[in-house]
$ cat input.pdb   # PDB, C-alpha atoms
ATOM      1  CA  MET A 307      -5.105  84.617  39.881
ATOM      2  CA  GLN A 308      -2.159  86.012  37.921
ATOM      3  CA  LEU A 309       1.383  84.662  37.954
ATOM      4  CA  THR A 310       3.446  87.765  38.818
ATOM      5  CA  ASP A 311       6.786  85.911  38.848
ATOM      6  CA  SER A 312       8.061  82.310  39.062
ATOM      7  CA  PHE A 313       7.315  82.194  42.780
ATOM      8  CA  THR A 314       4.114  84.244  43.192
ATOM      9  CA  LEU A 315       0.453  84.032  42.194
ATOM     10  CA  SER A 316      -1.523  87.192  42.986
ATOM     11  CA  SER A 317      -5.253  87.705  43.493
ATOM     12  CA  THR A 318      -7.269  90.912  43.387
ATOM     13  CA  GLN A 319      -8.928  89.906  46.664
ATOM     14  CA  ASP A 320      -7.848  88.971  50.169
ATOM     15  CA  LEU A 321      -8.038  85.165  50.075
ATOM     16  CA  MET A 322      -8.709  84.998  53.827
ATOM     17  CA  ALA A 323     -11.870  87.056  53.229
ATOM     18  CA  VAL A 324     -13.369  84.160  51.215
ATOM     19  CA  PRO A 325     -15.915  82.497  53.542
ATOM     20  CA  ALA A 326     -14.980  79.035  54.840
ATOM     21  CA  ILE A 327     -18.507  77.788  54.113
ATOM     22  CA  ASN A 328     -20.250  78.929  50.928
ATOM     23  CA  VAL A 329     -23.932  79.572  50.162
ATOM     24  CA  GLU A 330     -24.426  75.928  49.107
ATOM     25  CA  GLY A 331     -23.291  74.852  52.571
ATOM     26  CA  GLU A 332     -20.106  73.347  51.169
ATOM     27  CA  VAL A 333     -16.539  74.286  52.065
ATOM     28  CA  ASN A 334     -14.328  76.638  50.054
ATOM     29  CA  ALA A 335     -10.818  75.258  49.542
ATOM     30  CA  LEU A 336      -7.924  77.281  48.149
ATOM     31  CA  ILE A 337      -5.792  74.883  46.098
ATOM     32  CA  GLU A 338      -2.088  75.407  46.736
ATOM     33  CA  ILE A 339      -0.674  72.113  45.400
ATOM     34  CA  PRO A 340      -2.518  70.322  42.541
ATOM     35  CA  THR A 341      -2.916  66.521  42.604
ATOM     36  CA  GLY A 342       0.241  64.722  41.459
ATOM     37  CA  THR A 343       2.589  67.703  41.850
ATOM     38  CA  SER A 344       5.417  68.220  44.376
ATOM     39  CA  ALA A 345       6.216  71.961  44.453
ATOM     40  CA  LYS A 346       5.302  73.250  47.928
ATOM     41  CA  TRP A 347       3.226  76.415  47.433
ATOM     42  CA  GLU A 348       1.168  78.068  50.160
ATOM     43  CA  MET A 349      -0.901  81.136  50.872
ATOM     44  CA  ASN A 350       1.445  83.959  51.866
ATOM     45  CA  LYS A 351       0.898  84.645  55.587
ATOM     46  CA  ASP A 352       2.270  88.191  55.168
ATOM     47  CA  ASN A 353       0.118  89.051  52.133
ATOM     48  CA  THR A 354      -3.034  86.945  51.924
ATOM     49  CA  GLN A 355      -3.684  88.076  48.341
ATOM     50  CA  GLU A 356      -0.805  85.829  47.253
ATOM     51  CA  VAL A 357       0.018  82.152  46.913
ATOM     52  CA  ILE A 358       3.801  81.714  46.971
ATOM     53  CA  TRP A 359       6.327  78.958  46.370
ATOM     54  CA  GLU A 360       7.670  78.238  49.834
ATOM     55  CA  LEU A 361      11.431  78.664  50.262
ATOM     56  CA  LYS A 362      13.626  76.451  52.426
ATOM     57  CA  ASN A 363      17.273  77.460  52.811
ATOM     58  CA  ASP A 364      16.636  80.096  50.093
ATOM     59  CA  LYS A 365      15.576  77.402  47.597
ATOM     60  CA  PRO A 366      12.061  76.662  46.290
ATOM     61  CA  ARG A 367      10.717  73.762  48.338
ATOM     62  CA  ILE A 368       9.849  70.535  46.551
ATOM     63  CA  VAL A 369       8.489  67.493  48.369
ATOM     64  CA  ASN A 370      11.027  64.723  47.785
ATOM     65  CA  TYR A 371       8.475  61.936  47.397
ATOM     66  CA  LEU A 372       5.617  60.881  45.140
ATOM     67  CA  GLY A 373       3.392  63.810  44.100
ATOM     68  CA  TYR A 374       0.486  64.734  46.366
ATOM     69  CA  PRO A 375      -2.346  62.116  46.266
ATOM     70  CA  GLY A 376      -4.985  64.853  46.043
ATOM     71  CA  ASN A 377      -5.267  68.598  45.670
ATOM     72  CA  TYR A 378      -3.699  70.077  48.791
ATOM     73  CA  GLY A 379      -4.701  73.437  50.099
ATOM     74  CA  THR A 380      -6.160  75.509  52.849
ATOM     75  CA  ILE A 381      -9.573  76.654  54.006
ATOM     76  CA  PRO A 382      -9.837  80.469  53.992
ATOM     77  CA  GLY A 383     -11.361  82.216  56.995
ATOM     78  CA  THR A 384      -9.979  79.653  59.463
ATOM     79  CA  ALA A 385      -7.135  79.559  61.961
ATOM     80  CA  MET A 386      -6.354  76.782  64.385
ATOM     81  CA  PRO A 387      -4.548  78.251  67.406
ATOM     82  CA  LYS A 388      -2.052  76.238  69.440
ATOM     83  CA  GLU A 389      -4.424  75.995  72.402
ATOM     84  CA  LEU A 390      -6.829  74.046  70.155
ATOM     85  CA  GLY A 391      -4.054  71.777  68.894
ATOM     86  CA  GLY A 392      -3.166  73.748  65.746
ATOM     87  CA  ASP A 393      -0.235  75.773  64.473
ATOM     88  CA  GLY A 394      -2.016  79.116  64.113
ATOM     89  CA  ASP A 395      -2.387  78.698  60.349
ATOM     90  CA  PRO A 396      -5.557  78.145  58.297
ATOM     91  CA  LEU A 397      -6.746  74.529  58.207
ATOM     92  CA  ASP A 398      -5.081  72.109  55.795
ATOM     93  CA  VAL A 399      -7.318  70.166  53.421
ATOM     94  CA  LEU A 400      -6.680  67.347  50.948
ATOM     95  CA  VAL A 401      -9.284  67.360  48.166
ATOM     96  CA  LEU A 402      -9.679  64.000  46.411
ATOM     97  CA  GLY A 403     -10.289  64.144  42.685
ATOM     98  CA  GLN A 404      -8.812  65.354  39.433
ATOM     99  CA  SER A 405      -6.037  67.954  39.431
ATOM    100  CA  ILE A 406      -7.256  71.542  39.984
ATOM    101  CA  PRO A 407      -5.084  74.530  38.982
ATOM    102  CA  ARG A 408      -3.041  76.180  41.730
ATOM    103  CA  GLY A 409      -4.707  79.291  43.161
ATOM    104  CA  GLU A 410      -8.261  78.231  42.381
ATOM    105  CA  VAL A 411     -10.924  78.386  45.103
ATOM    106  CA  LEU A 412     -13.094  75.302  44.831
ATOM    107  CA  SER A 413     -16.365  74.288  46.478
ATOM    108  CA  VAL A 414     -15.768  70.885  48.141
ATOM    109  CA  ARG A 415     -17.566  68.467  50.476
ATOM    110  CA  LEU A 416     -15.847  67.657  53.755
ATOM    111  CA  ILE A 417     -15.953  63.902  54.465
ATOM    112  CA  GLY A 418     -13.491  63.400  57.319
ATOM    113  CA  VAL A 419     -10.190  64.209  58.945
ATOM    114  CA  LEU A 420      -6.869  62.387  59.165
ATOM    115  CA  LYS A 421      -5.569  62.845  62.717
ATOM    116  CA  MET A 422      -1.807  63.448  62.449
ATOM    117  CA  LEU A 423       1.165  64.257  64.644
ATOM    118  CA  ASP A 424       4.069  66.172  63.098
ATOM    119  CA  GLY A 425       7.081  66.014  65.390
ATOM    120  CA  GLY A 426       4.700  65.274  68.277
ATOM    121  CA  GLU A 427       2.439  68.285  67.507
ATOM    122  CA  GLN A 428      -1.131  67.915  66.255
ATOM    123  CA  ASP A 429      -1.306  68.548  62.483
ATOM    124  CA  ASP A 430      -4.660  67.199  61.294
ATOM    125  CA  LYS A 431      -5.562  67.093  57.590
ATOM    126  CA  LEU A 432      -9.190  67.586  56.610
ATOM    127  CA  ILE A 433     -10.324  65.262  53.807
ATOM    128  CA  ALA A 434     -12.754  66.521  51.158
ATOM    129  CA  VAL A 435     -14.004  65.568  47.706
ATOM    130  CA  ILE A 436     -14.692  67.481  44.507
ATOM    131  CA  THR A 437     -18.480  67.545  44.088
ATOM    132  CA  GLU A 438     -18.725  68.028  40.306
ATOM    133  CA  ASP A 439     -17.332  66.027  37.372
ATOM    134  CA  SER A 440     -15.440  63.758  39.740
ATOM    135  CA  PRO A 441     -15.578  60.029  40.515
ATOM    136  CA  PHE A 442     -15.856  61.074  44.185
ATOM    137  CA  ALA A 443     -18.782  63.476  43.633
ATOM    138  CA  ASN A 444     -21.325  61.393  45.607
ATOM    139  CA  ILE A 445     -19.034  60.481  48.534
ATOM    140  CA  GLU A 446     -20.283  61.840  51.863
ATOM    141  CA  SER A 447     -18.266  59.953  54.495
ATOM    142  CA  MET A 448     -14.991  58.106  55.072
ATOM    143  CA  LYS A 449     -16.997  54.880  55.403
ATOM    144  CA  GLN A 450     -18.551  55.387  51.972
ATOM    145  CA  LEU A 451     -15.133  56.283  50.515
ATOM    146  CA  ASP A 452     -13.675  53.017  51.857
ATOM    147  CA  GLU A 453     -16.613  50.996  50.521
ATOM    148  CA  GLU A 454     -16.661  52.496  47.017
ATOM    149  CA  PHE A 455     -12.952  53.238  46.563
ATOM    150  CA  PRO A 456     -11.026  50.548  48.476
ATOM    151  CA  ALA A 457      -7.585  51.594  49.780
ATOM    152  CA  VAL A 458      -7.846  55.315  48.864
ATOM    153  CA  SER A 459      -7.816  56.310  52.555
ATOM    154  CA  GLU A 460      -4.915  53.903  53.124
ATOM    155  CA  ILE A 461      -2.953  55.538  50.272
ATOM    156  CA  VAL A 462      -3.614  58.976  51.818
ATOM    157  CA  ARG A 463      -2.536  57.801  55.296
ATOM    158  CA  LEU A 464       0.647  56.124  53.998
ATOM    159  CA  TRP A 465       1.525  59.168  51.889
ATOM    160  CA  PHE A 466       1.263  61.615  54.805
ATOM    161  CA  GLU A 467       3.171  59.289  57.136
ATOM    162  CA  ASN A 468       6.074  58.955  54.690
ATOM    163  CA  TYR A 469       6.398  62.068  52.510
ATOM    164  CA  LYS A 470       8.936  63.721  54.838
ATOM    165  CA  GLY A 471      11.189  60.648  54.736
ATOM    166  CA  PRO A 472      11.975  57.797  57.159
ATOM    167  CA  ASN A 473      12.707  60.133  60.083
ATOM    168  CA  GLY A 474      10.232  62.864  59.138
ATOM    169  CA  GLY A 475       8.315  62.713  62.415
ATOM    170  CA  MET A 476       4.889  62.209  60.808
ATOM    171  CA  GLU A 477       2.542  59.847  62.636
ATOM    172  CA  ALA A 478      -1.028  59.057  61.554
ATOM    173  CA  GLN A 479      -3.517  58.391  64.338
ATOM    174  CA  GLY A 480      -6.404  57.303  62.134
ATOM    175  CA  PHE A 481      -9.392  58.915  60.459
ATOM    176  CA  ALA A 482     -12.410  60.547  62.034
ATOM    177  CA  ASP A 483     -15.624  61.100  60.116
ATOM    178  CA  HIS A 484     -17.577  64.060  58.756
ATOM    179  CA  GLN A 485     -18.958  65.317  62.081
ATOM    180  CA  GLU A 486     -15.547  65.577  63.735
ATOM    181  CA  ALA A 487     -14.183  67.304  60.618
ATOM    182  CA  MET A 488     -17.038  69.833  60.813
ATOM    183  CA  ASP A 489     -16.350  70.386  64.530
ATOM    184  CA  VAL A 490     -12.687  71.130  63.737
ATOM    185  CA  LEU A 491     -13.780  73.482  60.940
ATOM    186  CA  LYS A 492     -16.224  75.393  63.148
ATOM    187  CA  GLN A 493     -13.624  75.783  65.918
ATOM    188  CA  ALA A 494     -11.134  77.154  63.383
ATOM    189  CA  MET A 495     -13.717  79.537  61.886
ATOM    190  CA  ASN A 496     -14.530  80.894  65.369
ATOM    191  CA  ALA A 497     -10.825  81.205  66.229
ATOM    192  CA  TYR A 498     -10.193  83.193  63.046
ATOM    193  CA  GLN A 499     -13.148  85.516  63.725
ATOM    194  CA  ASN A 500     -11.919  86.062  67.293
ATOM    195  CA  SER A 501      -8.443  86.920  65.986
ATOM    196  CA  LEU A 502      -9.977  89.762  63.945
ATOM    197  CA  ASN A 503     -11.667  91.330  66.992
TER     198      ASN A 503
END
$ encode --input "input.pdb" --output "structure tokens"
Amino acid sequence: MQLTDSFTLSSTQDLMAVPAINVEGEVNALIEIPTGTSAKWEMNKDNTQEVIWELKNDKPRIVNYLGYPGNYGTIPGTAMPKELGGDGDPLDVLVLGQSIPRGEVLSVRLIGVLKMLDGGEQDDKLIAVITEDSPFANIESMKQLDEEFPAVSEIVRLWFENYKGPNGGMEAQGFADHQEAMDVLKQAMNAYQNSLN
């Protein structure tokens, strides 16, 4: 991806055309916010060849909290409609591991999902791990993550509950494991395909 100005990264391809699941059977994640950073970038809904710095009140949005505890992004080729508990956007994913440059599409392993409410509306966050050159490379489930990396899931839960501030309306409802995460993914893949027809 090329930086075309201070607020825009551009790709030569439609990012939503990247398959959600790759040939290795892993998930493709588009990284919008690298681990440890706070600038709120996202795939442009109006031009899905771009990742843009989100504006709020005409100012670039920055999360007023600790930097993200993992690489935050989206899964191309997915959409979670309201009737399935989503917001119509591609699925959100937090990828545990070292910082990955913004705009990169990375092959990751889905290990679970953090069930969240945002202002009373379902806003689940898929949890994945980097599968190469990462301390989390062999992790396959939330249970294994908790056993081998104590408190990482707790850090993730606390971060998402608090990053919007004391009255931010974020409420964690606990983690579900790999199978439920895959079910959510498949629903969102089907919903996106149906939206194209």
$ residues_near_point --input "input.pdb" --point "(3.9, 58.0, 58.5)" --cutoff "7 Å" --atoms "all atoms listed in the file" --output "ChimeraX atom specification"
/A:464,466-468,476-478
$ atom_distance --input "input.pdb" --atom1 "CA of Leu491 in chain A" --atom2 "CA of Phe442 in chain A"
21.0 Å
$ atom_distance --input "input.pdb" --atom1 "CA of Ile358 in chain A" --atom2 "CA of Gly376 in chain A"
19.0 Å
$ residues_around --input "input.pdb" --residues "range 329-331 of chain A" --least-positions-apart "2" --cutoff "10 Å" --atoms "all atoms listed in the file" --output "VMD selection string"
chain A and resid 325 to 327 333 to 334 413 to 415
$ write_last_selection --input "input.pdb" --atoms "C-alpha atoms" --output "PDB file, in the coordinates of the input"
ATOM      1  CA  PRO A 325     -15.915  82.497  53.542  1.00  0.00           C
ATOM      2  CA  ALA A 326     -14.980  79.035  54.840  1.00  0.00           C
ATOM      3  CA  ILE A 327     -18.507  77.788  54.113  1.00  0.00           C
ATOM      4  CA  VAL A 333     -16.539  74.286  52.065  1.00  0.00           C
ATOM      5  CA  ASN A 334     -14.328  76.638  50.054  1.00  0.00           C
ATOM      6  CA  SER A 413     -16.365  74.288  46.478  1.00  0.00           C
ATOM      7  CA  VAL A 414     -15.768  70.885  48.141  1.00  0.00           C
ATOM      8  CA  ARG A 415     -17.566  68.467  50.476  1.00  0.00           C
TER       9      ARG A 415
END
$ closest_residue --input "input.pdb" --among "A:Asp398, A:Asp352, A:Glu438, A:Asp393" --to "Tyr378 in chain A" --atoms "all atoms listed in the file"
A:Asp398
$ build_atoms --input "input.pdb" --residues "range 403-415 of chain A" --atoms "N, CA and C atoms" --output "compact mmCIF listing (two decimals), in the coordinates of the input"
# COMPACT_ATOMS: atom_id res chain seq x y z
N GLY A 403 -9.71 63.94 44.00
CA GLY A 403 -10.29 64.14 42.68
C GLY A 403 -9.24 64.61 41.70
N GLN A 404 -9.72 64.95 40.51
CA GLN A 404 -8.81 65.35 39.43
C GLN A 404 -8.03 66.61 39.81
N SER A 405 -6.91 66.82 39.16
CA SER A 405 -6.04 67.95 39.43
C SER A 405 -6.73 69.28 39.13
N ILE A 406 -6.66 70.21 40.10
CA ILE A 406 -7.26 71.54 39.98
C ILE A 406 -6.11 72.56 39.95
N PRO A 407 -6.19 73.57 39.08
CA PRO A 407 -5.08 74.53 38.98
C PRO A 407 -4.79 75.24 40.31
N ARG A 408 -3.51 75.45 40.55
CA ARG A 408 -3.04 76.18 41.73
C ARG A 408 -3.68 77.57 41.78
N GLY A 409 -4.13 77.97 42.97
CA GLY A 409 -4.71 79.29 43.16
C GLY A 409 -6.21 79.35 43.00
N GLU A 410 -6.81 78.23 42.55
CA GLU A 410 -8.26 78.23 42.38
C GLU A 410 -8.96 77.98 43.72
N VAL A 411 -10.08 78.66 43.93
CA VAL A 411 -10.92 78.39 45.10
C VAL A 411 -12.05 77.49 44.62
N LEU A 412 -12.20 76.35 45.28
CA LEU A 412 -13.09 75.30 44.83
C LEU A 412 -14.10 74.97 45.93
N SER A 413 -15.34 74.74 45.54
CA SER A 413 -16.36 74.29 46.48
C SER A 413 -16.23 72.78 46.64
N VAL A 414 -16.01 72.31 47.88
CA VAL A 414 -15.77 70.89 48.14
C VAL A 414 -16.66 70.40 49.28
N ARG A 415 -16.80 69.07 49.38
CA ARG A 415 -17.57 68.47 50.48
C ARG A 415 -16.59 67.83 51.45
